[in-house]
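Peer 1: Dropping in coords39.cif, which is mmCIF, C-alpha atoms (C1' of nucleotides):
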```cif
data_start
loop_
_atom_site.label_atom_id
_atom_site.label_comp_id
_atom_site.auth_asym_id
_atom_site.auth_seq_id
_atom_site.Cartn_x
_atom_site.Cartn_y
_atom_site.Cartn_z
CA MET P 1234 20.68 148.32 -55.03
CA ALA P 1235 19.28 149.33 -51.70
CA GLU P 1236 18.05 145.99 -50.53
CA ALA P 1237 16.30 147.08 -47.37
CA PRO P 1238 14.91 150.53 -47.74
CA ARG P 1239 13.09 150.16 -44.45
CA ASP P 1240 13.67 148.45 -41.19
CA GLY P 1241 13.91 145.15 -42.99
CA HIS P 1242 17.55 145.02 -42.12
CA GLU P 1243 16.81 145.58 -38.46
CA LEU P 1244 14.38 142.67 -38.49
CA LEU P 1245 16.90 140.48 -40.27
CA GLU P 1246 19.41 141.21 -37.53
CA ARG P 1247 16.87 140.35 -34.90
CA PHE P 1248 16.13 137.08 -36.62
CA ARG P 1249 19.80 136.18 -36.77
CA ARG P 1250 20.18 136.99 -33.10
CA TRP P 1251 17.13 134.93 -32.28
CA LEU P 1252 18.62 131.93 -34.12
CA ARG P 1253 22.03 132.40 -32.54
CA ASP P 1254 20.52 132.62 -29.08
CA ARG P 1255 19.03 129.18 -29.41
CA HIS P 1256 21.98 127.65 -31.22
CA MET P 1257 20.13 127.27 -34.48
CA PRO P 1258 22.27 127.58 -37.58
CA ILE P 1259 21.96 130.72 -39.66
CA THR P 1260 21.75 129.10 -43.05
CA ARG P 1261 21.86 130.71 -46.44
CA GLN P 1262 18.27 129.59 -47.02
CA ARG P 1263 16.87 131.05 -43.82
CA ASP P 1264 18.64 134.28 -44.52
CA LEU P 1265 17.29 134.47 -48.06
CA VAL P 1266 13.72 133.78 -47.01
CA ALA P 1267 13.96 136.25 -44.15
CA GLN P 1268 15.46 138.91 -46.40
CA ALA P 1269 12.76 138.42 -48.99
CA ILE P 1270 9.89 138.72 -46.56
CA PHE P 1271 11.38 141.57 -44.52
CA ALA P 1272 12.24 143.57 -47.61
CA ALA P 1273 8.80 143.06 -49.12
CA GLY P 1274 7.05 144.21 -46.04
CA GLY P 1275 3.77 142.45 -46.24
CA HIS P 1276 1.32 139.67 -47.03
CA LEU P 1277 3.26 137.46 -49.40
CA SER P 1278 2.33 133.97 -50.40
CA VAL P 1279 4.93 131.22 -50.49
CA GLU P 1280 4.89 131.34 -54.25
CA GLU P 1281 5.58 135.07 -54.30
CA LEU P 1282 8.29 134.61 -51.74
CA GLU P 1283 10.00 131.95 -53.83
CA ARG P 1284 9.81 134.17 -56.87
CA ARG P 1285 11.47 137.05 -55.05
CA VAL P 1286 14.29 134.81 -53.93
CA ARG P 1287 14.69 133.56 -57.48
CA ASP P 1288 14.66 137.11 -58.86
CA ARG P 1289 17.70 137.82 -56.75
CA GLY P 1290 19.47 134.97 -58.43
CA HIS P 1291 19.14 132.38 -55.69
CA HIS P 1292 17.16 129.23 -55.17
CA VAL P 1293 15.55 127.74 -52.10
CA GLY P 1294 13.48 124.55 -52.23
CA THR P 1295 9.78 124.93 -51.55
CA ALA P 1296 9.86 122.67 -48.52
CA THR P 1297 12.67 124.74 -47.09
CA VAL P 1298 10.73 127.95 -47.61
CA TYR P 1299 7.91 126.47 -45.56
CA ARG P 1300 10.35 125.32 -42.91
CA ALA P 1301 12.04 128.70 -42.76
CA LEU P 1302 8.66 130.39 -42.42
CA GLU P 1303 7.79 128.07 -39.59
CA VAL P 1304 10.90 129.23 -37.77
CA LEU P 1305 10.19 132.87 -38.56
CA VAL P 1306 6.70 132.55 -37.16
CA LYS P 1307 8.09 130.89 -34.04
CA SER P 1308 10.52 133.75 -33.64
CA GLY P 1309 7.59 136.11 -33.46
CA LEU P 1310 8.92 138.27 -36.29
CA VAL P 1311 6.47 137.01 -38.87
CA ARG P 1312 2.79 136.25 -38.72
CA ALA P 1313 0.82 133.81 -40.87
CA HIS P 1314 -2.56 134.81 -42.25
CA ASP P 1315 -5.29 132.90 -43.96
CA PHE P 1316 -7.49 135.20 -45.98
CA GLY P 1317 -9.53 132.31 -47.31
CA GLU P 1318 -7.77 132.18 -50.66
CA GLY P 1319 -6.77 128.56 -50.27
CA PHE P 1320 -3.23 129.35 -49.22
CA LYS P 1321 -1.48 131.35 -46.53
CA ARG P 1322 0.19 134.73 -46.60
CA TYR P 1323 3.04 135.82 -44.39
CA GLU P 1324 3.53 139.24 -42.90
CA PRO P 1325 6.63 140.62 -41.18
CA LEU P 1326 5.76 142.32 -37.93
CA LEU P 1327 7.15 145.69 -38.87
CA SER P 1328 3.90 147.23 -37.88
CA PRO P 1329 4.21 147.46 -34.14
CA ALA P 1330 0.54 148.06 -33.49
CA GLN P 1331 -2.25 145.62 -34.02
CA HIS P 1332 -4.08 146.17 -37.24
CA GLY P 1333 -6.84 144.83 -39.39
CA HIS P 1334 -6.84 143.99 -43.06
CA LEU P 1335 -8.71 145.39 -46.00
CA ILE P 1336 -8.89 142.77 -48.73
CA CYS P 1337 -9.99 143.58 -52.24
CA THR P 1338 -12.47 140.97 -53.41
CA ARG P 1339 -11.55 141.65 -57.02
CA CYS P 1340 -7.75 141.89 -57.22
CA GLY P 1341 -6.75 140.44 -53.85
CA ARG P 1342 -4.73 143.45 -52.75
CA VAL P 1343 -4.32 143.73 -48.99
CA ARG P 1344 -4.03 146.95 -47.02
CA GLU P 1345 -3.79 147.46 -43.31
CA PHE P 1346 -5.77 149.71 -41.06
CA SER P 1347 -5.44 150.57 -37.44
CA THR P 1348 -7.68 148.65 -35.07
CA GLU P 1349 -6.94 150.85 -32.11
CA ARG P 1350 -10.58 151.60 -31.59
CA PHE P 1351 -11.38 147.91 -31.22
CA GLU P 1352 -8.54 146.88 -28.96
CA ARG P 1353 -10.41 147.53 -25.75
CA THR P 1354 -13.78 146.33 -26.90
CA LEU P 1355 -12.95 142.91 -28.27
CA PRO P 1356 -11.48 141.46 -25.07
CA MET P 1357 -14.57 142.73 -23.28
CA VAL P 1358 -16.85 141.04 -25.79
CA ALA P 1359 -14.93 137.82 -25.31
CA ASP P 1360 -15.29 138.09 -21.57
CA GLU P 1361 -19.03 138.64 -21.83
CA MET P 1362 -19.28 135.36 -23.73
CA GLY P 1363 -17.14 133.44 -21.27
CA PHE P 1364 -14.09 133.40 -23.53
CA LEU P 1365 -10.57 134.37 -22.63
CA HIS P 1366 -9.36 136.68 -25.39
CA GLN P 1367 -6.02 135.76 -26.92
CA ARG P 1368 -6.03 137.53 -30.26
CA HIS P 1369 -8.45 138.70 -32.87
CA ARG P 1370 -8.86 139.26 -36.53
CA VAL P 1371 -10.71 142.12 -38.14
CA GLU P 1372 -11.07 142.01 -41.90
CA ILE P 1373 -13.00 144.16 -44.30
CA HIS P 1374 -13.69 142.67 -47.70
CA GLY P 1375 -14.57 145.07 -50.44
CA LEU P 1376 -13.27 146.87 -53.48
CA CYS P 1377 -10.06 148.86 -53.49
CA ARG P 1378 -10.11 152.24 -55.16
CA THR P 1379 -8.79 150.94 -58.46
CA CYS P 1380 -11.25 148.07 -58.70
CA ARG P 1381 -14.13 150.20 -57.51
CA ASP P 1382 -13.41 152.66 -60.31
CA ALA P 1383 -13.09 149.82 -62.79
CA GLU P 1384 -16.47 148.41 -61.76
CA ILE P 1385 -18.14 151.76 -62.03
CA GLY P 1386 -16.48 152.33 -65.37
CA ALA P 1387 -17.76 149.00 -66.61
CA LEU P 1388 -21.30 149.91 -65.60
CA THR P 1389 -21.54 153.47 -66.83
CA GLY P 1390 -18.97 153.36 -69.59
CA GLY P 1391 -19.30 151.17 -72.64
CA ARG P 1392 -21.80 148.60 -73.80
CA ARG P 1393 -23.24 147.02 -70.75
CA ARG P 1394 -23.01 143.34 -70.71
CA ALA P 1395 -25.11 142.24 -67.76
CA MET V 248 -39.44 136.31 -33.05
CA ALA V 249 -41.02 135.13 -36.25
CA GLU V 250 -38.59 132.42 -37.21
CA ALA V 251 -39.46 129.73 -34.76
CA PRO V 252 -37.20 126.87 -33.69
CA ARG V 253 -37.99 125.18 -36.94
CA ASP V 254 -36.86 127.97 -39.19
CA GLY V 255 -34.78 125.35 -40.93
CA HIS V 256 -37.90 124.41 -42.80
CA GLU V 257 -38.54 127.99 -43.80
CA LEU V 258 -35.04 128.22 -45.24
CA LEU V 259 -35.48 124.95 -47.07
CA GLU V 260 -38.61 126.30 -48.68
CA ARG V 261 -36.78 129.44 -49.69
CA PHE V 262 -34.03 127.39 -51.24
CA ARG V 263 -36.50 125.32 -53.24
CA ARG V 264 -38.19 128.44 -54.46
CA TRP V 265 -34.83 129.94 -55.40
CA LEU V 266 -34.01 126.84 -57.47
CA ARG V 267 -37.39 126.75 -59.09
CA ASP V 268 -37.18 130.42 -60.01
CA ARG V 269 -34.11 129.80 -62.09
CA HIS V 270 -35.20 126.49 -63.51
CA MET V 271 -32.68 124.48 -61.59
CA PRO V 272 -33.77 120.98 -60.64
CA ILE V 273 -34.63 120.30 -57.02
CA THR V 274 -32.75 117.08 -56.63
CA ARG V 275 -32.79 114.65 -53.74
CA GLN V 276 -29.13 115.49 -53.06
CA ARG V 277 -29.58 119.24 -52.93
CA ASP V 278 -32.51 118.78 -50.65
CA LEU V 279 -30.62 116.48 -48.31
CA VAL V 280 -27.63 118.79 -48.06
CA ALA V 281 -29.86 121.80 -47.53
CA GLN V 282 -31.86 119.99 -44.87
CA ALA V 283 -28.76 118.91 -43.05
CA ILE V 284 -27.20 122.34 -42.92
CA PHE V 285 -30.42 124.21 -42.15
CA ALA V 286 -31.34 121.78 -39.39
CA ALA V 287 -27.90 121.93 -37.82
CA GLY V 288 -27.84 125.67 -37.71
CA GLY V 289 -24.20 126.46 -37.80
CA HIS V 290 -20.57 126.14 -38.78
CA LEU V 291 -20.39 122.63 -40.16
CA SER V 292 -17.55 121.21 -42.19
CA VAL V 293 -18.24 119.16 -45.30
CA GLU V 294 -17.25 116.04 -43.42
CA GLU V 295 -19.73 116.77 -40.63
CA LEU V 296 -22.38 117.53 -43.19
CA GLU V 297 -21.85 114.23 -44.95
CA ARG V 298 -22.03 112.41 -41.66
CA ARG V 299 -25.37 114.03 -40.81
CA VAL V 300 -26.80 113.02 -44.15
CA ARG V 301 -25.55 109.49 -43.61
CA ASP V 302 -27.00 109.40 -40.09
CA ARG V 303 -30.40 109.99 -41.61
CA GLY V 304 -29.93 106.92 -43.73
CA HIS V 305 -29.02 108.62 -46.99
CA HIS V 306 -25.93 109.05 -49.06
CA VAL V 307 -24.64 111.93 -51.15
CA GLY V 308 -21.28 111.82 -52.90
CA THR V 309 -18.64 114.23 -51.60
CA ALA V 310 -18.35 116.09 -54.89
CA THR V 311 -22.09 116.57 -54.90
CA VAL V 312 -22.04 117.96 -51.38
CA TYR V 313 -19.52 120.55 -52.53
CA ARG V 314 -21.60 121.32 -55.59
CA ALA V 315 -24.77 121.66 -53.54
CA LEU V 316 -22.99 123.98 -51.12
CA GLU V 317 -21.81 126.10 -54.01
CA VAL V 318 -25.42 126.53 -55.07
CA LEU V 319 -26.54 127.25 -51.52
CA VAL V 320 -23.90 129.93 -51.16
CA LYS V 321 -24.96 131.44 -54.49
CA SER V 322 -28.54 131.49 -53.27
CA GLY V 323 -27.44 133.65 -50.37
CA LEU V 324 -28.90 131.29 -47.79
CA VAL V 325 -25.59 129.87 -46.67
CA ARG V 326 -22.25 131.49 -46.02
CA ALA V 327 -18.82 129.86 -46.26
CA HIS V 328 -16.22 130.54 -43.60
CA ASP V 329 -12.55 129.82 -43.40
CA PHE V 330 -11.39 129.82 -39.82
CA GLY V 331 -7.88 128.84 -40.82
CA GLU V 332 -8.33 125.17 -39.99
CA GLY V 333 -7.39 123.99 -43.46
CA PHE V 334 -10.97 123.46 -44.55
CA LYS V 335 -14.16 125.46 -44.78
CA ARG V 336 -17.22 125.60 -42.61
CA TYR V 337 -20.72 126.46 -43.78
CA GLU V 338 -23.28 128.45 -41.90
CA PRO V 339 -26.97 128.88 -42.73
CA LEU V 340 -28.03 132.50 -42.53
CA LEU V 341 -30.65 131.96 -39.88
CA SER V 342 -29.00 134.49 -37.69
CA PRO V 343 -30.73 137.67 -38.70
CA ALA V 344 -28.08 140.09 -37.62
CA GLN V 345 -24.48 140.24 -38.65
CA HIS V 346 -22.27 138.60 -36.12
CA GLY V 347 -18.69 137.77 -35.33
CA HIS V 348 -17.17 134.49 -34.27
CA LEU V 349 -15.45 133.41 -31.10
CA ILE V 350 -13.18 130.48 -31.87
CA CYS V 351 -11.63 128.36 -29.16
CA THR V 352 -7.96 127.85 -29.95
CA ARG V 353 -7.95 124.64 -27.95
CA CYS V 354 -11.10 122.70 -28.84
CA GLY V 355 -12.21 124.53 -31.99
CA ARG V 356 -15.68 125.34 -30.72
CA VAL V 357 -17.29 128.32 -32.45
CA ARG V 358 -19.73 130.75 -30.84
CA GLU V 359 -21.30 133.83 -32.29
CA PHE V 360 -21.47 137.30 -30.88
CA SER V 361 -23.26 140.40 -31.98
CA THR V 362 -21.20 142.86 -33.96
CA GLU V 363 -23.81 145.57 -33.79
CA ARG V 364 -21.36 148.01 -32.29
CA PHE V 365 -19.03 147.61 -35.27
CA GLU V 366 -21.53 147.76 -38.09
CA ARG V 367 -21.34 151.52 -38.51
CA THR V 368 -17.63 151.85 -37.90
CA LEU V 369 -16.24 149.31 -40.33
CA PRO V 370 -17.73 150.77 -43.50
CA MET V 371 -16.38 154.12 -42.37
CA VAL V 372 -12.93 152.70 -41.87
CA ALA V 373 -13.09 151.20 -45.35
CA ASP V 374 -14.10 154.51 -46.80
CA GLU V 375 -11.24 156.31 -45.09
CA MET V 376 -8.86 153.91 -46.80
CA GLY V 377 -10.44 154.27 -50.21
CA PHE V 378 -12.20 150.92 -50.09
CA LEU V 379 -15.81 150.20 -50.80
CA HIS V 380 -17.05 148.04 -47.93
CA GLN V 381 -18.85 144.86 -48.97
CA ARG V 382 -18.66 142.68 -45.89
CA HIS V 383 -16.42 142.09 -42.94
CA ARG V 384 -15.21 139.47 -40.62
CA VAL V 385 -14.59 139.88 -36.94
CA GLU V 386 -13.10 136.95 -35.11
CA ILE V 387 -11.87 136.54 -31.59
CA HIS V 388 -9.53 133.64 -30.96
CA GLY V 389 -9.18 132.54 -27.39
CA LEU V 390 -10.22 129.93 -24.85
CA CYS V 391 -13.81 128.95 -24.25
CA ARG V 392 -14.93 128.62 -20.65
CA THR V 393 -14.36 124.89 -20.51
CA CYS V 394 -10.88 125.05 -21.97
CA ARG V 395 -9.94 128.06 -19.89
CA ASP V 396 -10.90 126.16 -16.76
CA ALA V 397 -9.00 123.14 -17.94
CA GLU V 398 -5.87 125.22 -18.56
CA ILE V 399 -6.10 126.85 -15.17
CA GLY V 400 -6.73 123.49 -13.56
CA ALA V 401 -3.62 122.12 -15.22
CA LEU V 402 -1.56 125.01 -13.88
CA THR V 403 -2.81 125.19 -10.32
CA GLY V 404 -3.72 121.54 -9.89
CA GLY V 405 -0.01 120.86 -9.65
CA ARG V 406 0.10 117.10 -9.38
CA ARG V 407 0.26 116.75 -13.15
CA ARG V 408 3.47 116.79 -14.98
CA ALA V 409 3.72 120.03 -16.89
"C1'" DT T 505 32.89 116.40 -36.12
"C1'" DT T 506 28.00 116.28 -35.95
"C1'" DA T 507 23.45 117.96 -34.88
"C1'" DG T 508 20.64 119.97 -37.71
"C1'" DG T 509 19.15 121.75 -42.19
"C1'" DT T 510 18.34 121.04 -47.12
"C1'" DG T 511 16.45 119.26 -51.64
"C1'" DC T 512 13.82 116.23 -53.95
"C1'" DA T 513 10.00 113.59 -54.61
"C1'" DA T 514 6.38 111.25 -52.77
"C1'" DA T 515 2.52 111.65 -49.52
"C1'" DC T 516 -1.31 114.18 -47.72
"C1'" DG T 517 -5.97 116.21 -47.18
"C1'" DG T 518 -9.42 119.20 -48.64
"C1'" DT T 519 -11.47 120.47 -52.84
"C1'" DT T 520 -12.40 120.30 -57.93
"C1'" DT T 521 -13.09 118.18 -62.32
"C1'" DG T 522 -13.88 114.77 -66.41
"C1'" DC T 523 -17.06 111.81 -67.94
"C1'" DA T 524 -20.55 108.17 -68.41
"C1'" DA T 525 -24.80 107.08 -66.21
"C1'" DT T 526 -28.94 109.01 -64.39
"C1'" DC T 527 -32.61 112.12 -63.20
"C1'" DG T 528 -35.94 116.13 -62.87
"C1'" DA T 529 -39.11 119.11 -65.28
"C1'" DT X 179 -37.27 113.91 -74.32
"C1'" DC X 180 -32.97 116.46 -73.13
"C1'" DG X 181 -30.16 119.36 -70.74
"C1'" DA X 182 -28.71 119.41 -65.96
"C1'" DT X 183 -26.98 116.70 -62.09
"C1'" DT X 184 -24.74 112.86 -59.93
"C1'" DG X 185 -21.08 109.49 -58.51
"C1'" DC X 186 -16.82 107.88 -58.94
"C1'" DA X 187 -12.15 108.33 -59.38
"C1'" DA X 188 -8.57 110.91 -60.93
"C1'" DA X 189 -6.64 115.44 -60.90
"C1'" DC X 190 -5.42 119.52 -58.32
"C1'" DC X 191 -2.91 122.41 -55.27
"C1'" DG X 192 -0.96 124.11 -51.19
"C1'" DT X 193 1.47 122.04 -47.66
"C1'" DT X 194 4.05 118.31 -45.11
"C1'" DT X 195 7.15 114.47 -44.67
"C1'" DG X 196 10.80 110.69 -45.47
"C1'" DC X 197 15.25 110.23 -46.44
"C1'" DA X 198 19.99 110.61 -48.29
"C1'" DC X 199 23.12 114.28 -48.59
"C1'" DC X 200 25.21 118.56 -46.99
"C1'" DT X 201 26.71 122.44 -43.95
"C1'" DA X 202 27.12 125.83 -40.11
"C1'" DA X 203 29.31 126.12 -35.95
#
```
Show how you would write the structure in this file as structure tokens.
Peer 2:
Amino acid sequence: MAEAPRDGHELLERFRRWLRDRHMPITRQRDLVAQAIFAAGGHLSVEELERRVRDRGHHVGTATVYRALEVLVKSGLVRAHDFGEGFKRYEPLLSPAQHGHLICTRCGRVREFSTERFERTLPMVADEMGFLHQRHRVEIHGLCRTCRDAEIGALTGGRRRA
Amino acid sequence: MAEAPRDGHELLERFRRWLRDRHMPITRQRDLVAQAIFAAGGHLSVEELERRVRDRGHHVGTATVYRALEVLVKSGLVRAHDFGEGFKRYEPLLSPAQHGHLICTRCGRVREFSTERFERTLPMVADEMGFLHQRHRVEIHGLCRTCRDAEIGALTGGRRRA
DNA sequence: TTAGGTGCAAACGGTTTGCAATCGA
DNA sequence: TCGATTGCAAACCGTTTGCACCTAA
């Protein structure tokens, strides 16, 4: 099976190089976690990540997954997000450009959108308020197409149950 | 503008009315929590909230604080935020306009800024991606003036060990 | 060989819940 | 009165840590 349909393999190589460069062992576990997240391509929770590793017939302890993610974040190839769900999600930095997140308030699906048009403004805003801009987060919470349709269907369709 | 420095009281009244309207008891605890958050005016954690109640010579159990906050959020008079600190912060909706948050990555201080210039754009962006915009979150993470100065001082001051 | 990584289970910290006692309307 | 709320402590849940064992280099 084509494990890495995208540039996941490229990122995996970069991770290995990064580890090698600082004399950190390339362990089976780190490789498995990295593969899983790079192949998936976006916004996975630790639980989902573990499941994907398991689905490939391997096992990595939960603590180790967290430790591997810590390393991946340090390497700059993965970013941690907190969408306020009570746990974190991890995103490989395939997407070169900065982007925001669209989060469905019903099903939790996450999509990305370009934040190009905000990239100049936000550091300016920070400056106006006496802050030194380091990074920013732009999120839109709403209903994805599927859930929007489902809501509308529920309202107009059958017996209303308000 | 209409809501004077003591708009906390106005909000408290609104909360009481909201409870009364749906036949929910106005308990001492709900009142104390509401008072504390409305008086403070912004971005408190549950721990801080409990401390403020205690400082006024009262006591409300932690679980009850959470339950009162749940009701306050439902009433629409308070909003919950997750700034990725591992716990939530609660903000009374005094601030008439929508706003974003500037969060100091060093000391944790939170300031607000107007997001007027994004209010039209973000729903459009959502629409382009097939999402129905409900609300959004714009955060800038960086250094507040004090911490920025401290960092610079540490760098140029020299006589400190790095 | 050995510094470092791993797995397990226990600890942690914020939040939620079960339940008997209590309270507001 | 009587259903809703409270307080306490225990449960929860995602995450971190201590420690004996293991493994990449």
Peer 1: Apply the PyMOL selection byres ((chain T and resi 506) around 12) to the structure shown and report the selected residues as a PyMOL selection string.
Peer 2: (chain T and resi 505+507-508) or (chain X and resi 200-203)
Peer 1: Evaluate the PyMOL selection byres ((chain V) within 8 of (chain T)) on the structure here and hand back the selected residues as a PDB file with C-alpha atoms, keeping the file's coordinate frame.
Peer 2:
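Written file, part-v2.pdb:
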```pdb
ATOM      1  CA  PRO V 272     -33.770 120.980 -60.640  1.00  0.00           C
ATOM      2  CA  ILE V 273     -34.630 120.300 -57.020  1.00  0.00           C
ATOM      3  CA  THR V 274     -32.750 117.080 -56.630  1.00  0.00           C
ATOM      4  CA  ALA V 310     -18.350 116.090 -54.890  1.00  0.00           C
ATOM      5  CA  GLY V 333      -7.390 123.990 -43.460  1.00  0.00           C
ATOM      6  CA  PHE V 334     -10.970 123.460 -44.550  1.00  0.00           C
TER       7      PHE V 334
END
```
Peer 1: Please, what distance in Å, to one decimal, runs between atom CA of Ile1270 of chain P and atom CA of Glu1318 of chain P?
Peer 2: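 Distance between the two atoms: 19.3 Å.
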Peer 1: What are the residues of chain X lining chain V at 12 Å or less? Count all atoms listed in the file, and put the answer as a PDB file with C-alpha atoms (C1' of nucleotides), in the frame of the given file.
Peer 2:
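Written file, result32.pdb:
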```pdb
ATOM      1  C1'  DG X 181     -30.160 119.360 -70.740  1.00  0.00           C
ATOM      2  C1'  DA X 182     -28.710 119.410 -65.960  1.00  0.00           C
ATOM      3  C1'  DT X 183     -26.980 116.700 -62.090  1.00  0.00           C
ATOM      4  C1'  DT X 184     -24.740 112.860 -59.930  1.00  0.00           C
ATOM      5  C1'  DG X 185     -21.080 109.490 -58.510  1.00  0.00           C
ATOM      6  C1'  DC X 186     -16.820 107.880 -58.940  1.00  0.00           C
ATOM      7  C1'  DA X 187     -12.150 108.330 -59.380  1.00  0.00           C
ATOM      8  C1'  DG X 192      -0.960 124.110 -51.190  1.00  0.00           C
ATOM      9  C1'  DT X 193       1.470 122.040 -47.660  1.00  0.00           C
TER      10       DT X 193
END
```
Peer 1: Mind pulling up the distance from atom CA of Asp1382 of chain P to atom CA of His1332 of chain P?
Peer 2: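 So the answer is 25.7 Å.
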Peer 1: Evaluated on this file, the PyMOL selection byres ((chain V) within 7 of (chain P)) picks out some residues - which ones are they, written as an mmCIF file with C-alpha atoms, keeping the file's coordinate frame?
Peer 2:
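Dumped everything to out22.cif:
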```cif
data_model
loop_
_atom_site.group_PDB
_atom_site.id
_atom_site.type_symbol
_atom_site.label_atom_id
_atom_site.label_comp_id
_atom_site.auth_asym_id
_atom_site.auth_seq_id
_atom_site.Cartn_x
_atom_site.Cartn_y
_atom_site.Cartn_z
ATOM 1 C CA ASP V 329 -12.550 129.820 -43.400
ATOM 2 C CA GLY V 331 -7.880 128.840 -40.820
ATOM 3 C CA GLY V 377 -10.440 154.270 -50.210
ATOM 4 C CA PHE V 378 -12.200 150.920 -50.090
ATOM 5 C CA LEU V 379 -15.810 150.200 -50.800
ATOM 6 C CA HIS V 380 -17.050 148.040 -47.930
ATOM 7 C CA GLN V 381 -18.850 144.860 -48.970
ATOM 8 C CA ARG V 382 -18.660 142.680 -45.890
ATOM 9 C CA HIS V 383 -16.420 142.090 -42.940
ATOM 10 C CA ARG V 384 -15.210 139.470 -40.620
ATOM 11 C CA VAL V 385 -14.590 139.880 -36.940
ATOM 12 C CA GLU V 386 -13.100 136.950 -35.110
ATOM 13 C CA ILE V 387 -11.870 136.540 -31.590
ATOM 14 C CA HIS V 388 -9.530 133.640 -30.960
ATOM 15 C CA GLY V 389 -9.180 132.540 -27.390
ATOM 16 C CA LEU V 390 -10.220 129.930 -24.850
ATOM 17 C CA CYS V 391 -13.810 128.950 -24.250
ATOM 18 C CA ARG V 392 -14.930 128.620 -20.650
ATOM 19 C CA ARG V 395 -9.940 128.060 -19.890
#
```
Peer 1: What does the distance from atom CA of Ser1308 of chain P to atom CA of Ala1267 of chain P come to in Å, to one decimal?
Peer 2: 11.3 Å
Peer 1: In Å, how much C-alpha RMSD is there between chain V and chain P after the fit, with all atoms paired in order?
Peer 2: 2.8 Å
Peer 1: Pop segment 510-522 of chain T out of the structure in the block and write N, CA, C and O atoms (P, O5', C5', C4', C3', O3' and C1' of nucleotides) as a compact mmCIF listing (two decimals), in the first residue's frame.
Peer 2:
```txt
# COMPACT_ATOMS: atom_id res chain seq x y z
P DT T 510 11.52 6.29 22.40
O5' DT T 510 11.15 5.10 23.39
C5' DT T 510 11.45 3.77 22.99
C4' DT T 510 10.86 2.79 23.99
C3' DT T 510 9.37 2.98 24.24
O3' DT T 510 8.69 1.77 23.92
C1' DT T 510 10.58 2.86 26.30
P DG T 511 7.11 1.72 23.84
O5' DG T 511 6.74 1.05 25.25
C5' DG T 511 7.19 -0.27 25.52
C4' DG T 511 6.72 -0.68 26.92
C3' DG T 511 5.23 -0.41 27.16
O3' DG T 511 4.67 -1.61 27.71
C1' DG T 511 6.55 0.71 28.82
P DC T 512 3.13 -1.82 27.86
O5' DC T 512 2.86 -1.62 29.42
C5' DC T 512 3.59 -2.38 30.37
C4' DC T 512 3.59 -1.68 31.72
C3' DC T 512 2.20 -1.22 32.17
O3' DC T 512 1.80 -2.03 33.28
C1' DC T 512 3.88 0.43 32.59
P DA T 513 0.28 -1.92 33.84
O5' DA T 513 0.52 -1.22 35.25
C5' DA T 513 1.81 -1.21 35.86
C4' DA T 513 1.92 -0.04 36.80
C3' DA T 513 0.58 0.40 37.40
O3' DA T 513 0.80 0.85 38.72
C1' DA T 513 1.52 2.20 36.24
P DA T 514 -0.46 1.27 39.65
O5' DA T 514 0.22 2.05 40.87
C5' DA T 514 1.60 2.43 40.82
C4' DA T 514 1.74 3.94 40.81
C3' DA T 514 0.65 4.71 41.54
O3' DA T 514 1.26 5.61 42.45
C1' DA T 514 0.98 5.63 39.38
P DA T 515 0.44 6.80 43.17
O5' DA T 515 0.78 8.09 42.28
C5' DA T 515 2.13 8.53 42.19
C4' DA T 515 2.16 9.86 41.47
C3' DA T 515 1.32 10.96 42.12
O3' DA T 515 2.04 12.16 42.05
C1' DA T 515 0.63 10.65 39.88
P DC T 516 1.60 13.47 42.88
O5' DC T 516 1.25 14.51 41.75
C5' DC T 516 1.49 14.18 40.43
C4' DC T 516 0.81 15.16 39.48
C3' DC T 516 -0.14 16.18 40.13
O3' DC T 516 0.15 17.44 39.59
C1' DC T 516 -1.24 14.98 38.42
P DG T 517 -0.20 18.80 40.40
O5' DG T 517 -1.29 19.50 39.48
C5' DG T 517 -1.09 19.62 38.08
C4' DG T 517 -2.41 20.04 37.46
C3' DG T 517 -3.30 20.87 38.38
O3' DG T 517 -3.95 21.85 37.60
C1' DG T 517 -4.44 18.91 37.76
P DG T 518 -4.81 23.01 38.27
O5' DG T 518 -6.07 23.07 37.28
C5' DG T 518 -5.85 23.04 35.88
C4' DG T 518 -7.06 22.45 35.20
C3' DG T 518 -8.39 23.09 35.60
O3' DG T 518 -9.16 23.29 34.43
C1' DG T 518 -8.48 20.75 35.95
P DT T 519 -10.58 23.99 34.51
O5' DT T 519 -11.55 22.74 34.59
C5' DT T 519 -11.63 21.88 33.46
C4' DT T 519 -12.53 20.71 33.76
C3' DT T 519 -13.97 21.09 34.11
O3' DT T 519 -14.82 20.51 33.13
C1' DT T 519 -13.12 19.42 35.56
P DT T 520 -16.40 20.62 33.23
O5' DT T 520 -16.82 19.23 33.89
C5' DT T 520 -16.37 18.04 33.28
C4' DT T 520 -16.96 16.84 34.01
C3' DT T 520 -18.46 16.94 34.27
O3' DT T 520 -19.02 15.69 33.85
C1' DT T 520 -17.30 16.47 36.29
P DT T 521 -20.55 15.37 33.94
O5' DT T 521 -20.67 14.38 35.18
C5' DT T 521 -19.64 13.45 35.42
C4' DT T 521 -20.00 12.62 36.66
C3' DT T 521 -21.48 12.53 36.98
O3' DT T 521 -21.72 11.25 37.55
C1' DT T 521 -20.37 13.52 38.79
P DG T 522 -23.19 10.61 37.57
O5' DG T 522 -23.25 9.93 39.01
C5' DG T 522 -22.09 9.29 39.57
C4' DG T 522 -22.35 8.93 41.03
C3' DG T 522 -23.80 8.73 41.41
O3' DG T 522 -23.86 7.77 42.47
C1' DG T 522 -22.97 10.66 42.52
```
